[in-house]
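S.K.: Here you go, structure_26.cif (mmCIF, C-alpha atoms):
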```
data_structure
#
loop_
_atom_site.group_PDB
_atom_site.id
_atom_site.type_symbol
_atom_site.label_atom_id
_atom_site.label_comp_id
_atom_site.auth_asym_id
_atom_site.auth_seq_id
_atom_site.Cartn_x
_atom_site.Cartn_y
_atom_site.Cartn_z
ATOM 1 C CA MET U 1 0.000 0.000 0.000
ATOM 2 C CA LYS U 2 1.079 3.572 -0.624
ATOM 3 C CA LYS U 3 2.266 5.604 2.333
ATOM 4 C CA GLY U 4 0.794 9.035 2.934
ATOM 5 C CA TYR U 5 -2.112 10.614 1.111
ATOM 6 C CA THR U 6 -2.283 11.270 -2.598
ATOM 7 C CA HIS U 7 -5.344 12.415 -4.493
ATOM 8 C CA PHE U 8 -7.012 10.088 -6.955
ATOM 9 C CA THR U 9 -6.045 10.721 -10.557
ATOM 10 C CA ILE U 10 -8.521 10.740 -13.432
ATOM 11 C CA TYR U 11 -7.032 7.386 -14.480
ATOM 12 C CA GLU U 12 -7.742 5.890 -11.051
ATOM 13 C CA ARG U 13 -11.240 7.349 -11.071
ATOM 14 C CA GLU U 14 -11.919 5.775 -14.471
ATOM 15 C CA LYS U 15 -10.632 2.452 -13.114
ATOM 16 C CA ILE U 16 -12.934 2.725 -10.086
ATOM 17 C CA LEU U 17 -15.900 3.131 -12.427
ATOM 18 C CA GLN U 18 -14.741 0.206 -14.562
ATOM 19 C CA TYR U 19 -14.121 -2.097 -11.601
ATOM 20 C CA ARG U 20 -17.480 -1.217 -10.005
ATOM 21 C CA SER U 21 -19.263 -2.015 -13.283
ATOM 22 C CA GLU U 22 -17.453 -5.378 -13.265
ATOM 23 C CA GLY U 23 -18.842 -6.043 -9.780
ATOM 24 C CA CYS U 24 -15.561 -5.745 -7.868
ATOM 25 C CA SER U 25 -15.740 -5.140 -4.132
ATOM 26 C CA TYR U 26 -14.254 -2.030 -2.560
ATOM 27 C CA ARG U 27 -11.460 -4.169 -1.140
ATOM 28 C CA GLU U 28 -10.661 -5.633 -4.556
ATOM 29 C CA ILE U 29 -10.615 -2.171 -6.127
ATOM 30 C CA GLY U 30 -8.302 -1.004 -3.364
ATOM 31 C CA ARG U 31 -5.955 -3.919 -3.989
ATOM 32 C CA ARG U 32 -5.905 -3.284 -7.738
ATOM 33 C CA LEU U 33 -5.198 0.427 -7.278
ATOM 34 C CA GLU U 34 -2.839 -0.117 -4.341
ATOM 35 C CA ARG U 35 -5.077 2.044 -2.171
ATOM 36 C CA SER U 36 -6.944 1.533 1.058
ATOM 37 C CA HIS U 37 -10.465 0.218 0.505
ATOM 38 C CA THR U 38 -11.709 2.987 2.804
ATOM 39 C CA SER U 39 -10.158 5.579 0.483
ATOM 40 C CA VAL U 40 -12.073 4.004 -2.397
ATOM 41 C CA ILE U 41 -15.309 4.079 -0.388
ATOM 42 C CA ASP U 42 -14.755 7.717 0.587
ATOM 43 C CA GLU U 43 -13.999 8.664 -3.028
ATOM 44 C CA ILE U 44 -17.197 7.045 -4.275
ATOM 45 C CA LYS U 45 -19.361 8.531 -1.503
ATOM 46 C CA ARG U 46 -17.862 12.009 -1.880
ATOM 47 C CA ASN U 47 -18.210 12.064 -5.645
ATOM 48 C CA SER U 48 -21.432 10.232 -6.416
ATOM 49 C CA PHE U 49 -24.212 12.245 -8.012
ATOM 50 C CA ASP U 50 -27.744 10.835 -8.078
ATOM 51 C CA ASN U 51 -26.263 7.561 -6.741
ATOM 52 C CA GLU U 52 -23.886 7.266 -9.706
ATOM 53 C CA TYR U 53 -20.144 7.702 -9.614
ATOM 54 C CA SER U 54 -18.768 9.906 -12.377
ATOM 55 C CA PRO U 55 -14.981 10.215 -12.811
ATOM 56 C CA GLN U 56 -15.326 13.451 -14.790
ATOM 57 C CA LYS U 57 -17.609 15.083 -12.233
ATOM 58 C CA ALA U 58 -15.376 13.800 -9.429
ATOM 59 C CA THR U 59 -12.356 15.479 -10.998
ATOM 60 C CA THR U 60 -14.287 18.706 -11.529
ATOM 61 C CA GLN U 61 -15.452 18.709 -7.902
ATOM 62 C CA TYR U 62 -11.909 17.977 -6.685
ATOM 63 C CA GLU U 63 -10.567 20.913 -8.691
ATOM 64 C CA LYS U 64 -13.258 23.222 -7.297
ATOM 65 C CA ARG U 65 -12.522 22.149 -3.721
ATOM 66 C CA ARG U 66 -8.790 22.557 -4.306
ATOM 67 C CA SER U 67 -9.076 26.055 -5.799
ATOM 68 C CA SER U 68 -11.299 27.322 -2.986
ATOM 69 C CA LYS U 69 -8.602 26.705 -0.352
#
```
Show me the file's structure as structure tokens.
M.R.:
Amino acid sequence: MKKGYTHFTIYEREKILQYRSEGCSYREIGRRLERSHTSVIDEIKRNSFDNEYSPQKATTQYEKRRSSK
């Protein structure tokens, strides 16, 4: 597992969407991305819109949150 915190990239967000559509568990997604499964859960919860995860919207929201600091 990676040490410290790094933000999800658009590539990782696309992979999350792909793996979820394949029916992978949060733990499996975490293993594949070398991330904590709780980070994956938090990412999906934080960036789901109308109960659907969107990598593009997630990236847009991340950029908005980042620029407002």
S.K.: Just the number, please: distance in Å from atom CA of U:Lys57 to atom CA of U:Thr6, one decimal.
M.R.: 18.5 Å
S.K.: I'd like the residues picked by the PyMOL selection byres ((chain U and resi 29) around 10) written out as a tab-separated table (two decimals) with C-alpha atoms, in the frame of the given file, using the chain letters and numbers from the file.
M.R.:
```
chain	number	residue	atom	x	y	z
U	12	GLU	CA	-7.74	5.89	-11.05
U	15	LYS	CA	-10.63	2.45	-13.11
U	16	ILE	CA	-12.93	2.72	-10.09
U	17	LEU	CA	-15.90	3.13	-12.43
U	18	GLN	CA	-14.74	0.21	-14.56
U	19	TYR	CA	-14.12	-2.10	-11.60
U	20	ARG	CA	-17.48	-1.22	-10.01
U	23	GLY	CA	-18.84	-6.04	-9.78
U	24	CYS	CA	-15.56	-5.74	-7.87
U	25	SER	CA	-15.74	-5.14	-4.13
U	26	TYR	CA	-14.25	-2.03	-2.56
U	27	ARG	CA	-11.46	-4.17	-1.14
U	28	GLU	CA	-10.66	-5.63	-4.56
U	30	GLY	CA	-8.30	-1.00	-3.36
U	31	ARG	CA	-5.96	-3.92	-3.99
U	32	ARG	CA	-5.90	-3.28	-7.74
U	33	LEU	CA	-5.20	0.43	-7.28
U	34	GLU	CA	-2.84	-0.12	-4.34
U	35	ARG	CA	-5.08	2.04	-2.17
U	36	SER	CA	-6.94	1.53	1.06
U	37	HIS	CA	-10.46	0.22	0.50
U	40	VAL	CA	-12.07	4.00	-2.40
U	41	ILE	CA	-15.31	4.08	-0.39
```
S.K.: From the list U:Ser54, U:Thr9, U:Thr59, U:Asn47, which residue is nearest U:Ser21 when using all atoms listed in the file?
M.R.: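 The shortest atom-to-atom distance to U:Ser21 comes from U:Ser54.
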S.K.: Run the PyMOL selection byres ((chain U and resi 7) around 12) on the file and write out the hits as a ChimeraX atom specification.
M.R.: /U:2,4-6,8-13,35,39-40,42-43,58-59,62-63,66
S.K.: For atom CA of U:Glu22 and atom CA of U:Thr60, determine how far apart the two atoms are, in Å to one decimal place.
M.R.: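 Atom-to-atom, atom CA of U:Glu22 and atom CA of U:Thr60 are spaced 24.4 Å apart.
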